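Raw contents of target21.cif, mmCIF, C-alpha atoms and all ligand atoms:
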```cif
data_my_file
loop_
_atom_site.label_atom_id
_atom_site.label_comp_id
_atom_site.auth_asym_id
_atom_site.auth_seq_id
_atom_site.Cartn_x
_atom_site.Cartn_y
_atom_site.Cartn_z
CA MET A 1 -247.34 66.66 -157.06
CA LYS A 2 -250.12 65.62 -159.38
CA ILE A 3 -252.32 63.05 -157.69
CA GLY A 4 -255.01 61.01 -159.45
CA ILE A 5 -258.01 59.62 -157.61
CA LEU A 6 -260.54 57.03 -158.71
CA THR A 7 -263.49 55.11 -157.29
CA GLY A 8 -264.10 51.56 -158.56
CA GLY A 9 -266.67 48.79 -158.07
CA GLY A 10 -270.10 49.31 -156.54
CA ASP A 11 -270.67 52.79 -155.15
CA CYS A 12 -270.90 53.29 -151.43
CA PRO A 13 -271.87 56.09 -149.03
CA GLY A 14 -268.66 57.72 -147.82
CA LEU A 15 -266.78 57.87 -151.13
CA ASN A 16 -267.31 61.62 -151.47
CA PRO A 17 -265.94 62.37 -147.98
CA VAL A 18 -262.74 60.50 -148.97
CA ILE A 19 -262.43 62.47 -152.23
CA ARG A 20 -263.04 65.73 -150.39
CA ALA A 21 -260.40 64.96 -147.76
CA VAL A 22 -257.73 64.02 -150.32
CA VAL A 23 -258.39 67.15 -152.40
CA ARG A 24 -258.50 69.49 -149.40
CA GLN A 25 -255.25 68.11 -147.99
CA ALA A 26 -253.53 68.20 -151.38
CA ILE A 27 -254.54 71.76 -152.21
CA ASN A 28 -253.66 72.97 -148.70
CA ASN A 29 -250.17 71.60 -149.26
CA GLY A 30 -249.71 72.94 -152.78
CA ASP A 31 -250.47 69.73 -154.72
CA ASN A 32 -253.00 69.09 -157.49
CA VAL A 33 -255.61 66.37 -157.78
CA VAL A 34 -257.27 65.05 -160.90
CA GLY A 35 -260.39 62.92 -160.67
CA ILE A 36 -260.44 59.87 -162.91
CA ARG A 37 -263.94 59.09 -164.15
CA TYR A 38 -265.59 55.67 -163.75
CA GLY A 39 -262.83 53.76 -162.03
CA TRP A 40 -260.16 52.00 -164.09
CA LYS A 41 -262.21 52.73 -167.20
CA GLY A 42 -261.30 56.41 -166.91
CA LEU A 43 -257.61 55.61 -166.73
CA LEU A 44 -257.90 53.39 -169.81
CA ASN A 45 -259.69 56.20 -171.69
CA LYS A 46 -257.85 59.12 -170.09
CA GLU A 47 -261.12 60.56 -168.87
CA VAL A 48 -260.02 62.97 -166.15
CA GLU A 49 -260.99 66.31 -164.65
CA GLU A 50 -259.19 68.63 -162.32
CA LEU A 51 -260.64 68.62 -158.81
CA THR A 52 -260.74 72.16 -157.49
CA LEU A 53 -262.02 73.32 -154.12
CA GLN A 54 -265.14 74.46 -155.90
CA LYS A 55 -265.75 71.00 -157.40
CA ILE A 56 -265.65 69.30 -154.02
CA SER A 57 -267.64 71.91 -152.16
CA GLY A 58 -270.78 70.47 -150.55
CA ILE A 59 -270.04 66.81 -151.27
CA LEU A 60 -269.48 65.62 -147.67
CA PRO A 61 -273.10 64.55 -147.10
CA ARG A 62 -273.66 63.27 -150.63
CA GLY A 63 -273.99 59.53 -151.31
CA GLY A 64 -272.54 57.87 -154.41
CA THR A 65 -269.37 59.23 -155.97
CA ILE A 66 -268.90 62.49 -157.87
CA LEU A 67 -266.35 60.65 -160.04
CA GLY A 68 -268.68 57.89 -161.20
CA THR A 69 -267.67 54.25 -160.91
CA SER A 70 -267.58 51.03 -162.91
CA ARG A 71 -266.59 47.40 -162.57
CA THR A 72 -264.03 47.69 -165.38
CA ASN A 73 -261.12 45.29 -164.96
CA PRO A 74 -258.01 46.41 -166.91
CA TYR A 75 -256.59 42.88 -166.62
CA LYS A 76 -259.47 41.53 -168.71
CA ASP A 77 -257.72 42.80 -171.82
CA GLU A 78 -254.10 41.84 -172.44
CA ASN A 79 -253.15 45.42 -173.32
CA GLY A 80 -255.09 46.88 -170.39
CA PRO A 81 -252.26 47.07 -167.83
CA SER A 82 -249.76 48.53 -170.32
CA ASN A 83 -252.33 51.11 -171.42
CA ILE A 84 -252.93 52.06 -167.80
CA GLU A 85 -249.17 52.49 -167.30
CA LYS A 86 -248.85 54.56 -170.48
CA ASN A 87 -251.78 56.83 -169.55
CA PHE A 88 -250.53 57.19 -165.98
CA LYS A 89 -247.29 58.58 -167.38
CA GLU A 90 -248.90 60.68 -170.13
CA LEU A 91 -251.21 62.29 -167.59
CA GLY A 92 -248.14 63.18 -165.55
CA LEU A 93 -249.43 61.47 -162.42
CA ASP A 94 -247.03 61.20 -159.51
CA ALA A 95 -249.39 59.01 -157.49
CA LEU A 96 -252.84 57.47 -157.57
CA VAL A 97 -255.43 56.93 -154.84
CA ALA A 98 -257.59 53.91 -155.69
CA ILE A 99 -260.74 53.69 -153.58
CA GLY A 100 -262.46 50.34 -153.82
CA GLY A 101 -263.13 46.85 -152.59
CA GLU A 102 -261.36 43.55 -153.24
CA ASP A 103 -261.50 43.89 -157.05
CA THR A 104 -260.37 47.51 -157.41
CA LEU A 105 -257.68 47.10 -154.77
CA GLY A 106 -256.59 43.80 -156.33
CA VAL A 107 -255.91 45.68 -159.57
CA ALA A 108 -254.16 48.48 -157.66
CA ASN A 109 -251.91 45.93 -155.96
CA LYS A 110 -250.97 44.26 -159.27
CA LEU A 111 -250.24 47.60 -160.91
CA TYR A 112 -248.00 48.50 -158.00
CA LYS A 113 -246.20 45.16 -157.97
CA GLU A 114 -245.96 44.43 -161.68
CA ARG A 115 -245.68 47.95 -163.15
CA LYS A 116 -244.23 49.86 -160.20
CA LEU A 117 -247.01 52.45 -160.33
CA ASN A 118 -247.26 54.70 -157.28
CA VAL A 119 -250.61 53.56 -155.96
CA VAL A 120 -252.19 53.74 -152.50
CA GLY A 121 -255.51 52.14 -151.60
CA VAL A 122 -258.57 53.15 -149.60
CA PRO A 123 -260.93 50.36 -148.54
CA LYS A 124 -264.64 50.71 -149.31
CA THR A 125 -267.57 48.33 -149.41
CA ILE A 126 -270.93 48.22 -147.75
CA ASP A 127 -270.32 44.47 -147.33
CA ASN A 128 -267.42 45.07 -144.86
CA ASP A 129 -265.71 41.94 -146.21
CA LEU A 130 -262.22 43.38 -146.78
CA SER A 131 -259.38 41.99 -144.70
CA ALA A 132 -256.88 44.08 -142.77
CA THR A 133 -259.40 46.73 -141.70
CA ASP A 134 -261.91 46.46 -138.86
CA PHE A 135 -264.50 48.37 -140.84
CA THR A 136 -264.97 49.81 -144.31
CA PHE A 137 -267.00 52.98 -144.74
CA GLY A 138 -270.47 52.44 -146.22
CA PHE A 139 -271.13 49.49 -143.94
CA ASP A 140 -272.48 51.60 -141.09
CA THR A 141 -274.84 53.44 -143.45
CA ALA A 142 -276.11 50.16 -144.92
CA VAL A 143 -276.65 48.69 -141.44
CA ASN A 144 -278.61 51.77 -140.37
CA ILE A 145 -280.81 51.50 -143.45
CA VAL A 146 -281.47 47.80 -142.78
CA THR A 147 -282.26 48.58 -139.14
CA GLU A 148 -284.77 51.25 -140.06
CA CYS A 149 -286.40 48.94 -142.61
CA LEU A 150 -286.68 46.14 -140.04
CA ASP A 151 -288.31 48.54 -137.58
CA ARG A 152 -290.83 49.43 -140.25
CA LEU A 153 -291.43 45.82 -141.24
CA HIS A 154 -291.99 44.86 -137.60
CA THR A 155 -295.11 47.01 -137.25
CA THR A 156 -296.74 45.70 -140.40
CA ALA A 157 -295.68 42.08 -139.69
CA GLU A 158 -297.24 42.31 -136.25
CA SER A 159 -300.48 43.83 -137.52
CA HIS A 160 -300.98 40.98 -140.01
CA ASN A 161 -299.45 38.05 -138.11
CA ARG A 162 -297.00 37.55 -140.96
CA ILE A 163 -293.58 36.13 -141.51
CA MET A 164 -291.42 38.72 -143.21
CA VAL A 165 -288.38 37.50 -145.10
CA VAL A 166 -285.93 40.34 -145.71
CA GLU A 167 -283.13 39.85 -148.24
CA VAL A 168 -280.13 42.10 -147.65
CA MET A 169 -276.83 42.55 -149.45
CA GLY A 170 -273.74 40.54 -148.61
CA ARG A 171 -272.22 38.60 -151.44
CA HIS A 172 -269.69 36.47 -149.57
CA ALA A 173 -270.09 37.64 -146.01
CA GLY A 174 -273.04 38.19 -143.70
CA TRP A 175 -271.87 41.36 -141.95
CA ILE A 176 -274.85 43.47 -143.02
CA ALA A 177 -277.29 40.67 -142.19
CA THR A 178 -275.73 40.09 -138.76
CA TYR A 179 -275.39 43.72 -137.68
CA GLY A 180 -278.61 44.92 -139.34
CA GLY A 181 -280.50 41.88 -138.08
CA MET A 182 -279.20 42.24 -134.56
CA ALA A 183 -279.96 45.96 -134.42
CA GLY A 184 -283.42 45.45 -135.93
CA GLY A 185 -284.34 42.53 -133.67
CA ALA A 186 -284.50 39.81 -136.35
CA ASP A 187 -285.90 36.47 -135.24
CA TYR A 188 -283.48 34.54 -137.46
CA ILE A 189 -280.44 35.62 -139.47
CA LEU A 190 -279.07 33.62 -142.39
CA VAL A 191 -275.56 34.34 -143.64
CA PRO A 192 -273.35 33.04 -146.47
CA GLU A 193 -270.90 31.61 -143.93
CA ILE A 194 -273.39 28.99 -142.67
CA PRO A 195 -275.47 26.91 -145.11
CA ILE A 196 -279.19 27.25 -144.37
CA ASP A 197 -280.69 24.45 -142.33
CA ILE A 198 -284.34 24.95 -143.22
CA GLU A 199 -285.61 22.55 -140.53
CA GLU A 200 -283.83 24.61 -137.88
CA VAL A 201 -285.39 27.84 -139.18
CA ILE A 202 -288.85 26.26 -139.17
CA GLU A 203 -288.38 24.85 -135.69
CA SER A 204 -287.32 28.24 -134.41
CA ILE A 205 -290.34 30.00 -135.92
CA ARG A 206 -292.67 27.33 -134.51
CA LYS A 207 -291.16 27.77 -131.06
CA ARG A 208 -291.64 31.50 -131.31
CA HIS A 209 -295.26 31.17 -132.37
CA LYS A 210 -295.87 28.69 -129.53
CA ARG A 211 -294.78 31.33 -127.04
CA GLY A 212 -297.43 33.65 -128.39
CA LYS A 213 -295.56 35.62 -131.06
CA ASN A 214 -297.60 35.58 -134.23
CA PHE A 215 -295.08 37.24 -136.49
CA SER A 216 -291.42 36.73 -137.35
CA ILE A 217 -288.71 38.66 -139.14
CA ILE A 218 -286.17 36.52 -141.00
CA VAL A 219 -283.11 38.28 -142.43
CA VAL A 220 -281.22 36.52 -145.20
CA ALA A 221 -278.03 37.68 -146.93
CA GLU A 222 -278.17 37.55 -150.73
CA GLY A 223 -275.17 35.19 -150.78
CA ALA A 224 -276.63 32.65 -148.35
CA THR A 225 -277.09 29.15 -149.74
CA PHE A 226 -279.04 26.08 -148.79
CA LYS A 227 -277.07 23.02 -147.83
CA ASP A 228 -276.65 21.98 -151.48
CA ASP A 229 -274.61 25.16 -152.05
CA THR A 230 -276.68 26.59 -154.90
CA TYR A 231 -276.45 30.34 -155.22
CA TYR A 232 -279.59 32.21 -156.17
CA VAL A 233 -278.78 34.41 -159.11
CA GLN A 234 -280.67 37.09 -160.97
CA GLU A 235 -278.50 36.84 -164.05
CA LYS A 236 -275.97 34.22 -165.00
CA GLU A 237 -273.82 36.77 -166.83
CA LEU A 238 -270.53 37.43 -165.06
CA ASP A 239 -269.09 40.89 -164.52
CA GLU A 240 -265.48 41.67 -165.53
CA PHE A 241 -264.20 40.29 -162.24
CA GLY A 242 -266.14 37.04 -162.64
CA HIS A 243 -268.99 37.78 -160.20
CA ILE A 244 -272.56 36.68 -160.81
CA LYS A 245 -275.47 38.97 -160.00
CA LEU A 246 -276.95 37.53 -156.83
CA GLY A 247 -280.56 37.73 -155.70
CA GLY A 248 -283.52 35.41 -155.26
CA ILE A 249 -282.71 33.61 -152.03
CA GLY A 250 -285.37 35.67 -150.20
CA ASN A 251 -288.14 34.55 -152.53
CA ALA A 252 -286.94 30.95 -152.52
CA LEU A 253 -286.91 30.92 -148.74
CA GLY A 254 -290.29 32.65 -148.54
CA GLU A 255 -291.82 30.00 -150.79
CA ILE A 256 -290.47 27.15 -148.64
CA LEU A 257 -291.65 28.76 -145.41
CA LYS A 258 -295.10 29.40 -146.85
CA ASN A 259 -295.45 25.76 -147.92
CA LYS A 260 -294.08 24.24 -144.77
CA LEU A 261 -295.57 26.52 -142.13
CA LYS A 262 -298.87 27.61 -143.67
CA TYR A 263 -298.41 31.12 -142.35
CA ASP A 264 -298.81 34.24 -144.39
CA VAL A 265 -295.35 35.12 -145.75
CA ARG A 266 -294.10 38.27 -147.47
CA VAL A 267 -290.67 38.88 -148.96
CA THR A 268 -288.86 42.23 -149.12
CA VAL A 269 -285.65 42.63 -151.08
CA LEU A 270 -283.84 45.74 -149.86
CA GLY A 271 -281.35 45.74 -152.75
CA HIS A 272 -279.61 48.96 -153.71
CA ILE A 273 -281.55 51.03 -151.18
CA GLN A 274 -278.81 49.85 -148.81
CA ARG A 275 -276.18 51.54 -150.95
CA GLY A 276 -277.92 54.79 -151.74
CA GLY A 277 -278.28 58.11 -149.99
CA SER A 278 -276.35 60.10 -147.48
CA PRO A 279 -273.56 58.50 -145.39
CA THR A 280 -274.00 58.29 -141.62
CA ALA A 281 -271.83 60.47 -139.36
CA PHE A 282 -269.64 57.42 -138.67
CA ASP A 283 -269.01 56.85 -142.38
CA ARG A 284 -268.35 60.56 -143.02
CA VAL A 285 -265.75 60.61 -140.26
CA LEU A 286 -264.17 57.30 -141.34
CA GLY A 287 -264.07 58.42 -144.99
CA THR A 288 -262.50 61.73 -143.98
CA ARG A 289 -259.86 60.02 -141.83
CA PHE A 290 -259.08 57.56 -144.63
CA GLY A 291 -258.72 60.41 -147.15
CA VAL A 292 -256.31 62.29 -144.91
CA LYS A 293 -254.30 59.12 -144.33
CA ALA A 294 -254.20 58.29 -148.06
CA TYR A 295 -252.67 61.70 -148.78
CA ASP A 296 -250.21 61.14 -145.95
CA LEU A 297 -249.19 57.75 -147.40
CA ILE A 298 -248.47 59.43 -150.74
CA LYS A 299 -246.38 62.16 -149.15
CA LYS A 300 -244.37 59.49 -147.34
CA SER A 301 -244.02 57.42 -150.54
CA LYS A 302 -245.71 54.45 -148.89
CA PHE A 303 -246.94 53.04 -152.16
CA GLY A 304 -248.54 49.59 -152.30
CA CYS A 305 -250.19 50.40 -148.96
CA MET A 306 -253.78 50.90 -147.92
CA CYS A 307 -255.17 52.86 -145.01
CA ALA A 308 -257.19 50.81 -142.55
CA LEU A 309 -259.09 51.05 -139.28
CA SER A 310 -257.67 49.13 -136.35
CA GLY A 311 -259.64 49.68 -133.17
CA ASN A 312 -260.03 53.44 -133.32
CA LYS A 313 -256.72 54.13 -135.03
CA ILE A 314 -256.09 54.68 -138.72
CA ILE A 315 -253.12 52.58 -139.73
CA GLU A 316 -251.38 51.52 -142.94
CA VAL A 317 -251.29 47.94 -144.19
CA PRO A 318 -249.82 46.41 -147.35
CA LEU A 319 -252.41 46.05 -150.13
CA ASP A 320 -251.28 42.43 -150.31
CA GLU A 321 -252.75 41.80 -146.89
CA ALA A 322 -256.01 43.51 -147.72
CA VAL A 323 -256.72 41.46 -150.83
CA LYS A 324 -255.38 38.04 -149.86
CA GLU A 325 -258.68 36.74 -148.45
CA LEU A 326 -262.19 37.93 -147.70
CA LYS A 327 -263.13 38.83 -144.16
CA THR A 328 -266.12 36.74 -143.18
CA VAL A 329 -268.39 37.39 -140.22
CA ASP A 330 -266.92 37.21 -136.76
CA MET A 331 -268.69 34.17 -135.32
CA GLU A 332 -268.48 35.57 -131.83
CA ILE A 333 -270.79 38.37 -132.95
CA TYR A 334 -273.04 36.09 -135.00
CA ASN A 335 -273.42 33.80 -132.00
CA ILE A 336 -274.66 36.74 -129.94
CA SER A 337 -277.33 37.44 -132.55
CA LYS A 338 -278.34 33.75 -132.31
CA LEU A 339 -279.22 34.13 -128.64
CA PHE A 340 -282.21 36.16 -129.78
CA PHE A 341 -283.53 33.80 -132.47
CA GLY A 342 -286.97 32.30 -132.00
O1 LIG A 401 -270.11 44.60 -153.30
C1 LIG A 401 -271.15 45.30 -152.77
C2 LIG A 401 -272.46 44.84 -153.33
O2 LIG A 401 -273.35 45.75 -152.77
C3 LIG A 401 -272.83 43.38 -153.07
O3 LIG A 401 -273.38 43.14 -151.82
C4 LIG A 401 -273.81 43.10 -154.17
O4 LIG A 401 -273.86 41.74 -154.51
C5 LIG A 401 -273.27 43.89 -155.29
O5 LIG A 401 -272.54 44.97 -154.74
C6 LIG A 401 -274.32 44.38 -156.27
O6 LIG A 401 -273.74 45.27 -157.15
P1 LIG A 401 -274.29 45.81 -158.53
O7 LIG A 401 -275.74 45.45 -158.62
O8 LIG A 401 -274.08 47.28 -158.46
O9 LIG A 401 -273.48 45.18 -159.58
#
```

Could you write out this file's structure as structure tokens?
Ligand code: F6P
Amino acid sequence: MKIGILTGGGDCPGLNPVIRAVVRQAINNGDNVVGIRYGWKGLLNKEVEELTLQKISGILPRGGTILGTSRTNPYKDENGPSNIEKNFKELGLDALVAIGGEDTLGVANKLYKERKLNVVGVPKTIDNDLSATDFTFGFDTAVNIVTECLDRLHTTAESHNRIMVVEVMGRHAGWIATYGGMAGGADYILVPEIPIDIEEVIESIRKRHKRGKNFSIIVVAEGATFKDDTYYVQEKELDEFGHIKLGGIGNALGEILKNKLKYDVRVTVLGHIQRGGSPTAFDRVLGTRFGVKAYDLIKKSKFGCMCALSGNKIIEVPLDEAVKELKTVDMEIYNISKLFFG
């Protein structure tokens, strides 16, 4: 078999372990794998390279993706899907592994359903907002980075009696904010799922200061909004999937807190630091298990399926299920983090 593999959307620690696992399994079983460069863009331009054992050697601990990635949406152009189908055939691909989040997997699902292409999906996103899987790889790494940053911010916040506002990633869902905030002992966590009630935040900080704590750490997800629902955006320009570039809520919140509380406030935007660097052991193992399962799905002709984590088992789910809605934060977990606010 000739298997293609691509990584689409934002990069994420754990992509290389998936690629490595697919290639190792394929070669061990007498199949070939070609890497498609820069997501769907590489399939539109036929930019591919053979993935040998030598090419994937040493990539397990490496962040990012050796294939490169992009937010190219083939459905943006009316000839895009037919060009993908044509190139798929011309390249002699028997199957394709698409590794990505809601956008990349949404395209994979359409290509499977509308063009009958042999596609299987692997879920990735640091945001952990994909349905049908308990966790995506990349999330654990991002949470560990946020946790370490909060530990560091604690010591400086305490030394200066400051309020530290920390903006973390999380476009539609507050998973990183909730887990990172809980692990790093945040004094308030603001997520996209719950509009910000500024009076409640202020009240909570006041209460905390009254009990003798002269510093506070407030974690806010980039996609959180105030009650009027306005998103804070860095750029109004939309990407090919219609997403705006978020960012700015941390500074907006910091400004309000400074004015209302008269404490010294500093804002830290963690940004892409959360996406860079080496994957944690958990993400390496999850990526490896997903890669092995993706190869297995191909061998069993389970196209239109995605591998997923359910409890501690790797299962298969229809791509349809994975992309039908975003997985927002489990309120049971968020409510536990709330017990430690203030
Ligand atoms: O989807 C993952 C994510 O990290 C979001 O949390 C964030 O909004 C977005 O990617 C930023 O992506 P980029 O700056 O690479 O376009």

* Asked: Residues at most 7 Å from ligand LIG 401 (chain A), using all atoms listed in the file? Could they come as JSON, numbers by chain?
  -> {"A": [10, 125, 126, 127, 169, 170, 171, 245, 246, 275]}

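Closest approach to A:Cys12 among A:Thr104, A:Thr65, A:Asn335, A:Asn73 is made by A:Thr65 (distances from all atoms listed in the file).
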
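Shortest atom-to-atom contact with A:Asp11 among A:Gly174, A:Gly101, A:Gly342, A:Gly42: A:Gly101, counting all atoms listed in the file.
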
* To do: Excluding stretch 259-261 of chain A and residues on its chain fewer than 5 positions from it, collect all residues at most 9 Å away from it, counting all atoms listed in the file, and give them as a ChimeraX atom specification.
  => /A:202,205-206,254

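Here atom CA of A:Arg24 is placed at a distance of 18.0 Å from atom CA of A:Val48.
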
* Asked: Near A:Thr52, counting all atoms listed in the file, which residues have an atom at most 10 Å away, once you skip same-chain residues fewer than 5 positions from it, shown as a list in words?
  -> Arg20, Val23, Arg24, Ile27, Asn32, Val33, Val34, Gly35 and Ser57 of chain A

Residues of the last selection are to be written out with C-alpha atoms, as a PDB file, keeping the file's coordinate frame.
```
ATOM      1  CA  ARG A  20    -263.040  65.730-150.390  1.00  0.00           C
ATOM      2  CA  VAL A  23    -258.390  67.150-152.400  1.00  0.00           C
ATOM      3  CA  ARG A  24    -258.500  69.490-149.400  1.00  0.00           C
ATOM      4  CA  ILE A  27    -254.540  71.760-152.210  1.00  0.00           C
ATOM      5  CA  ASN A  32    -253.000  69.090-157.490  1.00  0.00           C
ATOM      6  CA  VAL A  33    -255.610  66.370-157.780  1.00  0.00           C
ATOM      7  CA  VAL A  34    -257.270  65.050-160.900  1.00  0.00           C
ATOM      8  CA  GLY A  35    -260.390  62.920-160.670  1.00  0.00           C
ATOM      9  CA  SER A  57    -267.640  71.910-152.160  1.00  0.00           C
TER      10      SER A  57
END
```

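Considering all atoms listed in the file, the residue among A:Asn16, A:Gly248, A:Glu78, A:Asp94 positioned nearest to A:Lys55 is A:Asn16.
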
Counting only C-alpha atoms, give me one row per residue of stretch 95-182 of chain A with an atom at most 12 Å from an atom of stretch 318-324 of chain A, showing the shortest contact pair and its distance in Å to one decimal, sorted by chain then residue number, as JSON lines.
```
{"residue": "A:Ala98", "atom": "CA", "partner": "A:Leu319", "partner_atom": "CA", "distance": 10.9}
{"residue": "A:Ile99", "atom": "CA", "partner": "A:Leu319", "partner_atom": "CA", "distance": 11.8}
{"residue": "A:Gly100", "atom": "CA", "partner": "A:Val323", "partner_atom": "CA", "distance": 11.0}
{"residue": "A:Gly101", "atom": "CA", "partner": "A:Val323", "partner_atom": "CA", "distance": 8.6}
{"residue": "A:Glu102", "atom": "CA", "partner": "A:Val323", "partner_atom": "CA", "distance": 5.6}
{"residue": "A:Asp103", "atom": "CA", "partner": "A:Val323", "partner_atom": "CA", "distance": 8.2}
{"residue": "A:Thr104", "atom": "CA", "partner": "A:Val323", "partner_atom": "CA", "distance": 9.7}
{"residue": "A:Leu105", "atom": "CA", "partner": "A:Val323", "partner_atom": "CA", "distance": 6.9}
{"residue": "A:Gly106", "atom": "CA", "partner": "A:Val323", "partner_atom": "CA", "distance": 6.0}
{"residue": "A:Val107", "atom": "CA", "partner": "A:Val323", "partner_atom": "CA", "distance": 9.7}
{"residue": "A:Ala108", "atom": "CA", "partner": "A:Leu319", "partner_atom": "CA", "distance": 8.1}
{"residue": "A:Asn109", "atom": "CA", "partner": "A:Leu319", "partner_atom": "CA", "distance": 5.9}
{"residue": "A:Lys110", "atom": "CA", "partner": "A:Asp320", "partner_atom": "CA", "distance": 9.2}
{"residue": "A:Leu111", "atom": "CA", "partner": "A:Leu319", "partner_atom": "CA", "distance": 11.1}
{"residue": "A:Tyr112", "atom": "CA", "partner": "A:Leu319", "partner_atom": "CA", "distance": 9.3}
{"residue": "A:Lys113", "atom": "CA", "partner": "A:Asp320", "partner_atom": "CA", "distance": 9.6}
{"residue": "A:Val119", "atom": "CA", "partner": "A:Leu319", "partner_atom": "CA", "distance": 9.7}
{"residue": "A:Val120", "atom": "CA", "partner": "A:Leu319", "partner_atom": "CA", "distance": 8.0}
{"residue": "A:Gly121", "atom": "CA", "partner": "A:Leu319", "partner_atom": "CA", "distance": 7.0}
{"residue": "A:Val122", "atom": "CA", "partner": "A:Leu319", "partner_atom": "CA", "distance": 9.4}
{"residue": "A:Pro123", "atom": "CA", "partner": "A:Ala322", "partner_atom": "CA", "distance": 8.5}
{"residue": "A:Lys124", "atom": "CA", "partner": "A:Ala322", "partner_atom": "CA", "distance": 11.4}
{"residue": "A:Asn128", "atom": "CA", "partner": "A:Ala322", "partner_atom": "CA", "distance": 11.9}
{"residue": "A:Asp129", "atom": "CA", "partner": "A:Ala322", "partner_atom": "CA", "distance": 9.9}
{"residue": "A:Leu130", "atom": "CA", "partner": "A:Ala322", "partner_atom": "CA", "distance": 6.3}
{"residue": "A:Ser131", "atom": "CA", "partner": "A:Ala322", "partner_atom": "CA", "distance": 4.8}
{"residue": "A:Ala132", "atom": "CA", "partner": "A:Ala322", "partner_atom": "CA", "distance": 5.1}
{"residue": "A:Thr133", "atom": "CA", "partner": "A:Ala322", "partner_atom": "CA", "distance": 7.6}
{"residue": "A:Asp134", "atom": "CA", "partner": "A:Ala322", "partner_atom": "CA", "distance": 11.0}
{"residue": "A:Phe135", "atom": "CA", "partner": "A:Ala322", "partner_atom": "CA", "distance": 12.0}
{"residue": "A:Thr136", "atom": "CA", "partner": "A:Ala322", "partner_atom": "CA", "distance": 11.5}
```

* Place a sphere of radius 7 Å on (-287.3, 32.8, -146.5) in the file coordinates and name every protein, DNA or RNA residue with an atom inside or on its surface, counting all atoms listed in the file; give the answer as a PyMOL selection string. => chain A and resi 165+218+250-257
